[in-house]
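Dumped protein_25.txt below, it's compact mmCIF, C-alpha atoms:
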```
# COMPACT_ATOMS: atom_id res chain seq x y z
CA MET M 1 238.44 138.23 120.80
CA ASN M 2 241.10 136.91 118.53
CA ARG M 3 240.87 135.08 115.25
CA ALA M 4 241.43 131.66 116.82
CA GLN M 5 238.54 132.31 119.19
CA LEU M 6 236.37 133.20 116.21
CA PHE M 7 237.47 130.05 114.43
CA HIS M 8 236.54 127.97 117.49
CA ALA M 9 233.18 129.74 117.75
CA ILE M 10 232.47 128.87 114.16
CA GLY M 11 233.20 125.29 115.12
CA ASN M 12 230.10 125.29 117.32
CA ILE M 13 227.62 126.57 114.76
CA SER M 14 224.33 124.83 114.21
CA GLU M 15 224.60 121.27 112.96
CA LYS M 16 222.20 121.95 110.13
CA TYR M 17 224.67 124.37 108.56
CA ILE M 18 227.53 121.92 109.01
CA ASP M 19 225.53 119.14 107.42
CA GLU M 20 224.26 121.32 104.62
CA ALA M 21 227.78 122.24 103.53
CA ALA M 22 229.29 118.78 104.05
CA PRO M 23 231.56 117.57 101.26
CA ASP M 24 230.67 114.42 99.40
CA THR M 25 232.88 111.86 101.08
CA LYS M 26 230.70 108.83 100.59
CA PRO M 27 232.79 105.83 99.67
CA LYS M 28 232.57 105.37 95.93
CA GLN M 29 231.26 102.03 94.84
CA ASN M 30 233.59 99.79 92.99
CA LEU M 31 232.25 99.98 89.46
CA ILE M 32 234.84 97.67 87.91
CA TRP M 33 232.43 94.76 87.73
CA VAL M 34 229.80 97.00 86.12
CA LYS M 35 232.27 98.06 83.45
CA PHE M 36 233.30 94.45 82.95
CA ALA M 37 229.69 93.35 82.54
CA ALA M 38 229.01 96.14 80.06
CA ALA M 39 232.08 95.20 78.02
CA ALA M 40 231.05 91.53 78.04
CA ALA M 41 227.54 92.44 76.88
CA CYS M 42 228.98 94.50 74.03
CA ILE M 43 231.23 91.63 72.95
CA CYS M 44 228.25 89.25 73.00
CA LEU M 45 226.21 91.62 70.84
CA ILE M 46 229.06 91.97 68.36
CA LEU M 47 229.53 88.21 68.18
CA LEU M 48 225.81 87.64 67.71
CA GLY M 49 225.68 90.27 65.01
CA GLY M 50 228.66 88.74 63.24
CA PHE M 51 227.15 85.28 63.50
CA GLU M 52 223.90 86.47 61.96
CA LEU M 53 225.76 88.30 59.22
CA PHE M 54 228.04 85.48 58.19
CA SER M 55 225.95 82.47 59.06
CA ASP M 56 224.93 80.10 56.27
CA HIS M 57 221.37 80.93 55.28
CA SER M 58 221.24 78.13 52.71
CA ASP M 59 219.47 75.98 55.26
CA PRO M 60 215.82 76.22 54.26
CA LEU M 61 214.73 75.67 57.81
CA HIS M 62 216.75 78.66 58.88
CA SER M 63 215.38 80.81 56.12
CA LEU M 64 211.82 79.88 56.59
CA SER M 65 211.74 79.73 60.35
CA SER M 66 212.95 83.26 60.74
CA MET M 67 210.52 84.73 58.24
CA PRO M 68 206.78 85.07 58.59
CA HIS M 69 206.33 84.35 54.90
CA PRO M 70 208.79 83.28 52.20
CA SER M 71 208.06 86.38 50.19
CA ALA M 72 209.48 88.41 53.05
CA VAL M 73 212.80 86.63 52.53
CA LEU M 74 213.28 88.57 49.35
CA GLY M 75 214.90 91.42 51.18
CA THR M 76 217.75 89.34 52.59
CA GLY M 77 219.77 89.15 49.39
CA ASN M 78 219.84 85.36 49.53
CA VAL M 79 216.64 85.05 47.64
CA SER M 80 215.46 86.55 44.38
CA PRO M 81 211.82 87.06 43.59
CA ASN M 82 210.19 85.11 40.86
CA PRO M 83 209.69 87.68 38.10
CA ASN M 84 206.75 85.76 36.72
CA GLN M 85 204.76 86.04 39.87
CA ASP M 86 202.21 88.71 40.53
CA LYS M 87 203.95 91.34 42.68
CA SER M 88 200.99 91.53 44.95
CA THR M 89 202.04 88.21 46.39
CA ASP M 90 205.19 89.81 47.65
CA GLU M 91 203.44 92.66 49.26
CA GLN M 92 200.46 91.01 50.80
CA GLN M 93 200.04 88.24 53.23
CA HIS M 94 198.11 85.41 51.74
CA THR M 95 194.66 85.11 53.13
CA GLN M 96 192.80 81.94 53.60
CA SER M 97 189.99 83.00 51.28
CA ASP M 98 192.30 84.18 48.51
CA GLU M 99 194.33 81.01 48.29
CA VAL M 100 193.29 78.53 45.69
CA LYS M 101 193.05 75.76 48.18
CA ALA M 102 194.32 75.85 51.66
CA PRO M 103 195.71 72.56 52.85
CA SER M 104 193.11 71.18 55.16
CA LYS M 105 194.10 70.25 58.65
CA SER M 106 192.22 67.05 58.22
CA ALA M 107 194.82 65.96 55.70
CA GLY M 108 197.47 65.84 58.36
CA ALA M 109 195.09 64.55 60.94
CA THR M 110 194.20 61.58 58.80
CA ARG M 111 197.85 60.64 58.68
CA GLY M 112 197.93 60.75 62.46
CA GLU M 113 200.01 63.92 62.68
CA THR M 114 199.37 66.55 65.25
CA PRO M 115 198.88 70.01 63.80
CA ASN M 116 201.52 72.39 65.07
CA ALA M 117 199.03 74.61 66.85
CA GLY M 118 201.39 76.74 68.90
CA LYS M 119 203.71 77.54 66.00
CA PRO M 120 202.84 79.92 63.22
CA GLN M 121 202.11 77.87 60.15
CA GLN M 122 204.49 78.63 57.28
CA LYS M 123 202.40 77.93 54.22
CA ALA M 124 205.44 77.39 52.13
CA PHE M 125 208.01 74.84 51.17
CA ILE M 126 211.27 74.79 49.38
CA LEU M 127 212.27 72.50 46.54
CA SER M 128 215.75 71.52 45.43
CA ASN M 129 217.01 73.71 48.21
CA SER M 130 216.42 76.70 45.95
CA TYR M 131 212.82 77.24 44.94
CA ILE M 132 210.39 78.66 47.45
CA TYR M 133 206.71 77.97 46.83
CA THR M 134 203.71 79.54 48.49
CA PRO M 135 199.99 78.89 47.99
CA ALA M 136 198.84 80.28 44.65
CA LYS M 137 196.24 82.99 44.55
CA LYS M 138 193.39 83.27 42.10
CA THR M 139 195.03 86.30 40.52
CA ASP M 140 198.15 84.22 39.87
CA CYS M 141 196.08 81.55 38.17
CA SER M 142 194.19 83.96 35.96
CA LYS M 143 197.43 85.61 34.94
CA PHE M 144 198.88 82.35 33.72
CA GLY M 145 195.53 81.10 32.41
CA ILE M 146 195.48 77.98 34.48
CA SER M 147 192.75 76.52 36.53
CA ALA M 148 192.61 77.48 40.15
CA ASN M 149 191.42 73.96 40.96
CA PRO M 150 193.95 71.57 39.53
CA THR M 151 192.92 68.09 38.63
CA PHE M 152 194.68 64.80 38.13
CA GLN M 153 195.08 65.56 34.42
CA GLU M 154 197.26 68.56 35.14
CA LEU M 155 199.84 66.67 37.15
CA GLY M 156 203.21 66.81 35.45
CA GLU M 157 206.54 65.37 36.39
CA LYS M 158 206.87 64.27 40.01
CA LEU M 159 209.37 66.54 41.68
CA GLY M 160 209.63 64.84 45.02
CA GLU M 161 208.07 64.60 48.43
CA LEU M 162 207.77 67.14 51.20
CA THR M 163 209.65 66.42 54.39
CA ASP M 164 210.41 68.17 57.65
CA ASP M 165 213.48 69.53 55.95
CA ASN M 166 211.69 71.52 53.29
CA THR M 167 208.44 72.61 54.91
CA PHE M 168 207.16 73.77 58.26
CA GLN M 169 203.65 72.77 57.44
CA LYS M 170 203.36 69.46 59.15
CA GLU M 171 200.20 68.67 57.25
CA LEU M 172 202.17 68.65 54.03
CA VAL M 173 204.92 66.36 55.24
CA GLY M 174 204.83 63.19 53.18
CA CYS M 175 202.80 64.71 50.34
CA GLU M 176 204.01 64.34 46.77
CA VAL M 177 204.84 67.38 44.68
CA PHE M 178 204.24 67.48 40.94
CA ALA M 179 205.09 70.05 38.31
CA HIS M 180 202.10 71.68 36.61
CA LYS M 181 201.79 70.45 33.05
CA GLN M 182 201.02 73.88 31.60
CA ALA M 183 203.07 76.09 33.84
CA ASP M 184 206.07 73.84 34.29
CA LYS M 185 207.71 74.62 37.63
CA ASN M 186 206.22 78.08 38.03
CA PHE M 187 203.33 76.23 39.58
CA VAL M 188 203.46 72.93 41.36
CA ILE M 189 200.71 70.74 42.61
CA VAL M 190 200.87 69.12 45.99
CA LYS M 191 198.86 65.97 46.36
CA ALA M 192 197.50 65.91 49.88
CA ASN M 193 195.32 62.85 50.26
CA ASP M 194 192.54 63.43 47.79
CA GLU M 195 193.17 67.13 47.38
CA PHE M 196 195.34 68.87 44.83
CA LEU M 197 196.85 72.06 46.18
CA LEU M 198 198.29 74.65 43.86
CA PHE M 199 201.48 76.47 44.82
CA ILE M 200 203.35 79.19 42.97
CA LEU M 201 207.07 79.74 42.73
CA THR M 202 207.61 82.80 44.87
CA ALA M 203 211.36 83.18 45.12
CA TYR M 204 214.70 81.72 44.22
CA LYS M 205 217.42 81.19 46.74
CA THR M 206 220.60 82.43 45.08
CA ASN M 207 223.12 81.71 47.87
CA MET B 1 223.92 101.07 108.37
CA GLU B 2 221.59 103.72 109.74
CA ASP B 3 222.89 106.12 112.37
CA SER B 4 220.36 104.95 114.94
CA LYS B 5 221.63 101.37 114.62
CA ILE B 6 225.24 102.48 114.96
CA ILE B 7 224.33 104.39 118.11
CA GLU B 8 222.60 101.29 119.44
CA LEU B 9 225.84 99.39 118.92
CA TYR B 10 227.63 102.01 121.02
CA TRP B 11 225.03 101.63 123.70
CA ALA B 12 225.37 97.86 123.56
CA ARG B 13 229.14 98.37 123.93
CA SER B 14 229.71 96.40 120.75
CA GLU B 15 233.04 96.97 119.07
CA ASP B 16 231.24 96.82 115.75
CA ALA B 17 230.17 100.37 116.53
CA ILE B 18 233.69 101.60 115.77
CA SER B 19 234.04 99.64 112.53
CA GLU B 20 230.59 100.72 111.32
CA THR B 21 231.36 104.33 112.19
CA ASP B 22 234.65 104.12 110.36
CA LYS B 23 232.94 102.57 107.35
CA LYS B 24 230.32 105.29 107.16
CA TYR B 25 232.06 108.39 108.42
CA GLY B 26 235.77 107.57 108.36
CA LYS B 27 236.38 109.49 105.14
CA TYR B 28 234.30 112.43 106.32
CA CYS B 29 236.29 112.74 109.53
CA HIS B 30 239.55 112.26 107.67
CA TYR B 31 238.61 115.05 105.28
CA ILE B 32 238.13 117.50 108.15
CA ALA B 33 241.28 116.45 109.98
CA PHE B 34 243.48 116.51 106.90
CA ASN B 35 242.27 119.98 105.90
CA ILE B 36 243.36 121.35 109.25
CA LEU B 37 246.50 119.32 109.81
CA ASN B 38 247.74 118.84 106.27
CA SER B 39 249.29 115.55 107.31
CA GLU B 40 248.08 112.06 106.49
CA GLN B 41 249.53 110.57 109.64
CA ASP B 42 248.15 113.27 111.94
CA ALA B 43 244.75 113.10 110.26
CA GLU B 44 244.67 109.34 110.78
CA GLU B 45 245.55 109.81 114.42
CA CYS B 46 242.80 112.38 114.87
CA VAL B 47 240.20 110.17 113.25
CA ASN B 48 241.11 107.29 115.55
CA ASP B 49 240.91 109.63 118.52
CA THR B 50 237.52 110.78 117.29
CA PHE B 51 236.21 107.22 117.39
CA LEU B 52 237.64 106.76 120.88
CA ARG B 53 235.97 109.98 122.04
CA ALA B 54 232.69 108.83 120.53
CA TRP B 55 233.06 105.46 122.28
CA ASN B 56 233.55 107.24 125.60
CA ALA B 57 230.77 109.74 125.00
CA ILE B 58 228.08 107.27 123.88
CA PRO B 59 226.59 106.38 126.27
CA PRO B 60 225.50 108.46 128.12
CA ARG B 61 225.05 110.71 125.12
CA ARG B 62 222.74 109.87 122.27
CA PRO B 63 223.58 112.31 119.45
CA THR B 64 220.69 113.26 117.21
CA HIS B 65 223.03 113.77 114.29
CA LEU B 66 225.94 111.36 114.39
CA LYS B 67 227.72 112.80 111.37
CA THR B 68 228.12 116.32 112.68
CA PHE B 69 228.69 115.00 116.18
CA LEU B 70 231.73 113.14 114.89
CA GLY B 71 232.73 116.06 112.67
CA LYS B 72 232.82 118.44 115.60
CA ILE B 73 234.95 116.07 117.66
CA THR B 74 237.35 115.66 114.73
CA ARG B 75 237.57 119.39 114.17
CA ASN B 76 238.27 120.13 117.83
CA LEU B 77 240.85 117.37 118.10
CA SER B 78 242.52 118.52 114.89
CA LEU B 79 242.66 122.11 116.08
CA ASN B 80 244.14 121.01 119.39
CA LEU B 81 246.75 118.94 117.60
CA TYR B 82 247.44 121.79 115.23
CA GLU B 83 248.02 124.21 118.09
CA LYS B 84 250.24 121.72 119.81
CA LYS B 85 252.28 121.22 116.67
CA SER B 86 252.41 124.95 116.02
CA ALA B 87 253.85 125.39 119.45
CA ASP B 88 256.46 122.81 118.50
CA LYS B 89 256.89 124.66 115.19
CA ARG B 90 256.06 121.53 113.29
CA GLY B 91 252.57 122.48 112.19
CA GLY B 92 251.11 122.73 108.71
CA ASN B 93 250.65 125.98 106.91
CA LYS B 94 246.98 126.03 106.04
CA LEU B 95 245.29 127.42 109.14
CA PRO B 96 247.29 130.65 109.42
CA GLN B 97 245.77 131.70 106.12
CA LEU B 98 242.27 130.97 107.44
CA PHE B 99 243.03 132.86 110.64
CA ASP B 100 244.27 135.81 108.62
CA GLU B 101 241.08 135.84 106.63
CA LEU B 102 238.94 135.64 109.76
CA SER B 103 240.86 138.44 111.42
CA GLU B 104 239.25 140.70 108.84
CA CYS B 105 235.94 140.00 110.54
CA ILE B 106 237.08 141.27 113.89
CA PRO B 107 236.25 144.92 114.41
CA SER B 108 239.22 147.03 115.36
CA GLY B 109 239.63 148.13 118.92
CA CYS B 110 238.15 144.89 120.25
CA SER B 111 238.76 143.96 123.81
CA GLU B 112 238.65 140.46 125.24
CA PHE B 113 235.41 138.62 124.52
CA THR B 114 235.08 135.38 126.34
CA ASP B 115 231.46 134.36 125.89
CA ASP B 116 231.93 131.72 123.22
CA PHE B 117 228.31 130.62 123.44
CA ALA B 118 227.01 134.15 122.73
CA LEU B 119 229.46 134.48 119.87
CA THR B 120 228.28 131.22 118.33
CA GLU B 121 224.68 132.35 118.59
CA ILE B 122 225.51 135.57 116.79
CA ILE B 123 227.24 133.61 114.03
CA ASN B 124 224.28 131.23 113.76
CA LYS B 125 221.92 134.14 113.32
CA PHE B 126 224.24 135.70 110.81
CA LEU B 127 224.42 132.46 108.81
CA SER B 128 220.65 132.10 108.81
CA GLU B 129 220.37 135.39 106.97
CA LEU B 130 222.79 134.44 104.20
CA SER B 131 221.77 132.87 100.93
CA THR B 132 222.18 129.10 100.90
CA GLN B 133 225.14 129.04 98.54
CA ARG B 134 226.98 131.85 100.28
CA ARG B 135 226.41 130.12 103.64
CA LYS B 136 227.64 126.78 102.29
CA ILE B 137 230.77 128.37 100.88
CA PHE B 138 231.46 130.14 104.17
CA VAL B 139 230.98 126.97 106.22
CA ARG B 140 233.08 124.90 103.84
CA ARG B 141 235.88 127.39 104.15
CA TYR B 142 235.82 128.14 107.88
CA TRP B 143 234.35 125.00 109.35
CA TYR B 144 235.74 122.34 107.03
CA ALA B 145 238.86 124.36 106.16
CA SER B 146 238.43 123.43 102.49
CA SER B 147 240.61 125.09 99.89
CA ILE B 148 239.21 127.72 97.52
CA LYS B 149 239.94 125.42 94.59
CA GLU B 150 238.05 122.52 96.11
CA ILE B 151 235.05 124.67 97.02
CA ALA B 152 234.91 126.07 93.50
CA ALA B 153 235.00 122.57 92.03
CA ASP B 154 232.33 121.22 94.40
CA PHE B 155 229.93 124.10 93.81
CA GLY B 156 230.61 124.42 90.10
CA VAL B 157 231.75 128.03 90.24
CA SER B 158 235.02 129.81 89.53
CA GLU B 159 237.66 130.28 92.21
CA SER B 160 237.36 134.04 91.89
CA LYS B 161 233.64 133.83 92.59
CA VAL B 162 234.35 131.83 95.74
CA THR B 163 236.95 134.37 96.81
CA VAL B 164 234.58 137.28 96.21
CA SER B 165 231.76 135.49 98.02
CA LEU B 166 233.97 134.84 101.05
CA PHE B 167 235.23 138.41 101.05
CA ARG B 168 231.71 139.85 101.08
CA THR B 169 230.55 137.40 103.75
CA ARG B 170 233.47 138.37 105.98
CA GLU B 171 232.63 142.03 105.51
CA LYS B 172 229.05 141.35 106.52
CA LEU B 173 230.14 139.34 109.53
CA ARG B 174 232.44 142.12 110.58
CA ALA B 175 229.54 144.58 110.39
CA VAL B 176 227.31 142.24 112.37
CA LEU B 177 229.89 141.74 115.10
CA LYS B 178 230.37 145.47 115.36
CA LYS B 179 226.63 146.07 115.51
CA GLU B 180 226.23 143.43 118.20
CA GLY B 181 228.54 145.43 120.33
CA ILE B 182 231.33 142.99 120.30
CA THR B 183 233.76 145.75 120.86
CA ILE B 184 236.11 143.09 121.87
```

Starting from the coordinates I provided, produce the structure as structure tokens.
Amino acid sequence: MNRAQLFHAIGNISEKYIDEAAPDTKPKQNLIWVKFAAAAACICLILLGGFELFSDHSDPLHSLSSMPHPSAVLGTGNVSPNPNQDKSTDEQQHTQSDEVKAPSKSAGATRGETPNAGKPQQKAFILSNSYIYTPAKKTDCSKFGISANPTFQELGEKLGELTDDNTFQKELVGCEVFAHKQADKNFVIVKANDEFLLFILTAYKTN
Amino acid sequence: MEDSKIIELYWARSEDAISETDKKYGKYCHYIAFNILNSEQDAEECVNDTFLRAWNAIPPRRPTHLKTFLGKITRNLSLNLYEKKSADKRGGNKLPQLFDELSECIPSGCSEFTDDFALTEIINKFLSELSTQRRKIFVRRYWYASSIKEIAADFGVSESKVTVSLFRTREKLRAVLKKEGITI
């Protein structure tokens, strides 16, 4: 036997040993498109992030639509909290029972408007593009010594009307807003049909 | 494409059989041929000849393992071409080293041993008793003619470890051949 004969004999060994030791010669997939897609996704994320960072948040619709409650906007830096307001309003979600008077759905219904059932109701509005109001709580009223159930006598200066531009609460669209005689603009009264709804200044937009 | 479908193409005498074989096993065959011949052109020629041999062999044959079936053809063709080129003194310089290493396995005082089948059986039995990694390294070196460096990289070990492993395996094989009475 010579070494070439041995080499040839090795050539006829069992296929399982040949297969087991086989080198990885599978054609490599072309990953260029994967890399390109990943790079494109990264660029999109960066652009989106930059857009969010530098976009103009002065639009009340933008501010309010992206927040579950105006008090939550306080953390963005665009809005400052109202120092006069009870801090608990910033930390807690308003509950239906705790609010002085929740705008009734019938108010909107009587004007022929369809309640925005599928969309979370933002019980807030913004005045003069700067002042964010939310429904006043009983604790707020007691703190300022005002009645939780405002009457006609407490209506102060008319501040304007609510529109689609300054509130998400469709039921309030078209309602007049008045300053509270005793509390000036810290509280405002919204006249919704025959009801007077009390709102408290929750935050300032500082831009 | 699965091997069984490729073999069906051979049996149907469809020329797609060659292209599908090339697509799936072209690189594998080229790897074997290039390791033995150390020439891109010769390796390419051997791979093409491999496909032609497969075309002529299937049918009537129906290999159970197409990959190693092709690999064996490539290896044999490459060795034949290597010997032919060596005779013309135009061969590569890789195989002599492998032959030198294998000569260590041959017990001294051997006479002529012509029963290749019996020899292969002895080697198969010997391989079955090795650890998996040691067997893979041995087969990569002496069946695929891979370099020490490449084996070390593929198995994630140092080159010296591969060298030591091969050395010990050769010593064992030598002892086995001697014990089997291959006083060649």

As number ranges by chain, could you give me every residue of chain M near chain B (at most 10 Å apart, counting only C-alpha atoms)? M: 1-27

Pull C-alpha atoms from the residues just selected and write them as a JSON list (two decimals), keeping the file's coordinate frame.
```json
[["chain", "number", "residue", "atom", "x", "y", "z"],
["M", 1, "MET", "CA", 238.44, 138.23, 120.80],
["M", 2, "ASN", "CA", 241.10, 136.91, 118.53],
["M", 3, "ARG", "CA", 240.87, 135.08, 115.25],
["M", 4, "ALA", "CA", 241.43, 131.66, 116.82],
["M", 5, "GLN", "CA", 238.54, 132.31, 119.19],
["M", 6, "LEU", "CA", 236.37, 133.20, 116.21],
["M", 7, "PHE", "CA", 237.47, 130.05, 114.43],
["M", 8, "HIS", "CA", 236.54, 127.97, 117.49],
["M", 9, "ALA", "CA", 233.18, 129.74, 117.75],
["M", 10, "ILE", "CA", 232.47, 128.87, 114.16],
["M", 11, "GLY", "CA", 233.20, 125.29, 115.12],
["M", 12, "ASN", "CA", 230.10, 125.29, 117.32],
["M", 13, "ILE", "CA", 227.62, 126.57, 114.76],
["M", 14, "SER", "CA", 224.33, 124.83, 114.21],
["M", 15, "GLU", "CA", 224.60, 121.27, 112.96],
["M", 16, "LYS", "CA", 222.20, 121.95, 110.13],
["M", 17, "TYR", "CA", 224.67, 124.37, 108.56],
["M", 18, "ILE", "CA", 227.53, 121.92, 109.01],
["M", 19, "ASP", "CA", 225.53, 119.14, 107.42],
["M", 20, "GLU", "CA", 224.26, 121.32, 104.62],
["M", 21, "ALA", "CA", 227.78, 122.24, 103.53],
["M", 22, "ALA", "CA", 229.29, 118.78, 104.05],
["M", 23, "PRO", "CA", 231.56, 117.57, 101.26],
["M", 24, "ASP", "CA", 230.67, 114.42, 99.40],
["M", 25, "THR", "CA", 232.88, 111.86, 101.08],
["M", 26, "LYS", "CA", 230.70, 108.83, 100.59],
["M", 27, "PRO", "CA", 232.79, 105.83, 99.67]]
```

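Taking CA of Trp11 (chain B) and CA of Arg61 (chain B) as the two end points, the separation is 9.2 Å.
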
Neighbouring residues of Phe199 (chain M) were defined as those with any atom within 7 Å, considering all atoms listed in the file; residues of the same chain fewer than 3 positions away were excluded. Please report them as a ChimeraX atom specification. /M:133-136,187-189

So what do you get for CA of Arg134 (chain B) versus CA of Ser165 (chain B), distance-wise? 6.4 Å

Find the spatial neighbours of Leu81 (chain B), counting all atoms listed in the file, within a cut-off of 9 Å - ignore same-chain residues fewer than 5 positions away - and output them as number ranges by chain. B: 37, 42, 46, 76, 86, 91

Using only C-alpha atoms, which residues sit within 6 Å of Gly156 (chain M) once same-chain residues fewer than 6 positions away are excluded, as a CSV table (one decimal) with C-alpha atoms, keeping the file's coordinate frame?
```csv
chain,number,residue,atom,x,y,z
M,178,PHE,CA,204.2,67.5,40.9
M,179,ALA,CA,205.1,70.0,38.3
M,180,HIS,CA,202.1,71.7,36.6
M,181,LYS,CA,201.8,70.4,33.0
```

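CA of Phe34 (chain B) lies 23.9 Å from CA of Pro63 (chain B).
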
Skip Leu198 (chain M) itself and residues of its chain fewer than 3 positions away, then list as a ChimeraX atom specification all residues within 12 Å of it, counting all atoms listed in the file. /M:99-103,123-124,133-138,140-141,146-152,154-155,177-180,183,185-192,195,201

Cut-off 10 Å around (203.1, 71.0, 53.4) with all atoms listed in the file: residues as a short mmCIF file (atom, residue, chain, number, x, y, z; two decimals) with C-alpha atoms, in the frame of the given file:
```cif
data_model
loop_
_atom_site.label_atom_id
_atom_site.label_comp_id
_atom_site.auth_asym_id
_atom_site.auth_seq_id
_atom_site.Cartn_x
_atom_site.Cartn_y
_atom_site.Cartn_z
CA PRO M 103 195.71 72.56 52.85
CA ALA M 107 194.82 65.96 55.70
CA GLY M 108 197.47 65.84 58.36
CA GLN M 121 202.11 77.87 60.15
CA GLN M 122 204.49 78.63 57.28
CA LYS M 123 202.40 77.93 54.22
CA ALA M 124 205.44 77.39 52.13
CA PHE M 125 208.01 74.84 51.17
CA ILE M 126 211.27 74.79 49.38
CA THR M 134 203.71 79.54 48.49
CA GLU M 161 208.07 64.60 48.43
CA LEU M 162 207.77 67.14 51.20
CA THR M 163 209.65 66.42 54.39
CA ASP M 164 210.41 68.17 57.65
CA ASN M 166 211.69 71.52 53.29
CA THR M 167 208.44 72.61 54.91
CA PHE M 168 207.16 73.77 58.26
CA GLN M 169 203.65 72.77 57.44
CA LYS M 170 203.36 69.46 59.15
CA GLU M 171 200.20 68.67 57.25
CA LEU M 172 202.17 68.65 54.03
CA VAL M 173 204.92 66.36 55.24
CA GLY M 174 204.83 63.19 53.18
CA CYS M 175 202.80 64.71 50.34
CA GLU M 176 204.01 64.34 46.77
CA VAL M 177 204.84 67.38 44.68
CA VAL M 190 200.87 69.12 45.99
CA LYS M 191 198.86 65.97 46.36
CA ALA M 192 197.50 65.91 49.88
CA LEU M 197 196.85 72.06 46.18
#
```

Mind working out the centre and edge lengths of an axis-aligned box for region 10-19 of chain B, all listed atoms inside, 5 Å added to each side, rounded to one decimal in Å and written as JSON?
```
{"center_x": 229.5, "center_y": 99.2, "center_z": 118.2, "size_x": 19.0, "size_y": 15.6, "size_z": 21.4}
```

Dump region 95-100 of chain B with all heavy atoms to a file, as a PDB file, in the first residue's frame.
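Below is the file that was written, out.pdb:
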```pdb
ATOM      1  N   LEU B  95      -1.295  18.526  -2.482  1.00  0.00           N
ATOM      2  CA  LEU B  95      -1.455  17.113  -2.185  1.00  0.00           C
ATOM      3  C   LEU B  95      -0.200  16.427  -1.685  1.00  0.00           C
ATOM      4  O   LEU B  95      -0.300  15.561  -0.807  1.00  0.00           O
ATOM      5  CB  LEU B  95      -2.001  16.372  -3.413  1.00  0.00           C
ATOM      6  CG  LEU B  95      -3.504  16.456  -3.650  1.00  0.00           C
ATOM      7  CD1 LEU B  95      -3.944  15.339  -4.584  1.00  0.00           C
ATOM      8  CD2 LEU B  95      -4.278  16.351  -2.348  1.00  0.00           C
ATOM      9  N   PRO B  96       0.983  16.741  -2.202  1.00  0.00           N
ATOM     10  CA  PRO B  96       2.169  16.054  -1.678  1.00  0.00           C
ATOM     11  C   PRO B  96       2.269  16.152  -0.157  1.00  0.00           C
ATOM     12  O   PRO B  96       2.668  15.195   0.506  1.00  0.00           O
ATOM     13  CB  PRO B  96       3.320  16.792  -2.370  1.00  0.00           C
ATOM     14  CG  PRO B  96       2.745  17.267  -3.628  1.00  0.00           C
ATOM     15  CD  PRO B  96       1.334  17.606  -3.322  1.00  0.00           C
ATOM     16  N   GLN B  97       1.863  17.291   0.369  1.00  0.00           N
ATOM     17  CA  GLN B  97       1.925  17.456   1.826  1.00  0.00           C
ATOM     18  C   GLN B  97       0.957  16.480   2.506  1.00  0.00           C
ATOM     19  O   GLN B  97       1.288  15.859   3.521  1.00  0.00           O
ATOM     20  CB  GLN B  97       1.581  18.900   2.183  1.00  0.00           C
ATOM     21  CG  GLN B  97       1.851  19.217   3.642  1.00  0.00           C
ATOM     22  CD  GLN B  97       1.332  20.592   4.036  1.00  0.00           C
ATOM     23  OE1 GLN B  97       0.984  21.413   3.184  1.00  0.00           O
ATOM     24  NE2 GLN B  97       1.291  20.832   5.332  1.00  0.00           N
ATOM     25  N   LEU B  98      -0.249  16.370   1.926  1.00  0.00           N
ATOM     26  CA  LEU B  98      -1.229  15.435   2.483  1.00  0.00           C
ATOM     27  C   LEU B  98      -0.724  14.005   2.388  1.00  0.00           C
ATOM     28  O   LEU B  98      -0.877  13.218   3.319  1.00  0.00           O
ATOM     29  CB  LEU B  98      -2.562  15.565   1.733  1.00  0.00           C
ATOM     30  CG  LEU B  98      -3.388  16.822   1.990  1.00  0.00           C
ATOM     31  CD1 LEU B  98      -4.662  16.774   1.151  1.00  0.00           C
ATOM     32  CD2 LEU B  98      -3.753  16.933   3.455  1.00  0.00           C
ATOM     33  N   PHE B  99      -0.126  13.679   1.243  1.00  0.00           N
ATOM     34  CA  PHE B  99       0.408  12.323   1.061  1.00  0.00           C
ATOM     35  C   PHE B  99       1.508  12.040   2.083  1.00  0.00           C
ATOM     36  O   PHE B  99       1.595  10.942   2.626  1.00  0.00           O
ATOM     37  CB  PHE B  99       0.949  12.151  -0.362  1.00  0.00           C
ATOM     38  CG  PHE B  99      -0.136  12.052  -1.413  1.00  0.00           C
ATOM     39  CD1 PHE B  99       0.162  12.225  -2.757  1.00  0.00           C
ATOM     40  CD2 PHE B  99      -1.447  11.771  -1.069  1.00  0.00           C
ATOM     41  CE1 PHE B  99      -0.824  12.131  -3.727  1.00  0.00           C
ATOM     42  CE2 PHE B  99      -2.443  11.670  -2.028  1.00  0.00           C
ATOM     43  CZ  PHE B  99      -2.131  11.853  -3.361  1.00  0.00           C
ATOM     44  N   ASP B 100       2.335  13.053   2.308  1.00  0.00           N
ATOM     45  CA  ASP B 100       3.413  12.873   3.293  1.00  0.00           C
ATOM     46  C   ASP B 100       2.841  12.585   4.670  1.00  0.00           C
ATOM     47  O   ASP B 100       3.335  11.736   5.399  1.00  0.00           O
ATOM     48  CB  ASP B 100       4.302  14.128   3.346  1.00  0.00           C
ATOM     49  CG  ASP B 100       5.210  14.225   2.133  1.00  0.00           C
ATOM     50  OD1 ASP B 100       5.354  13.198   1.430  1.00  0.00           O
ATOM     51  OD2 ASP B 100       5.749  15.317   1.884  1.00  0.00           O
TER      52      ASP B 100
END
```
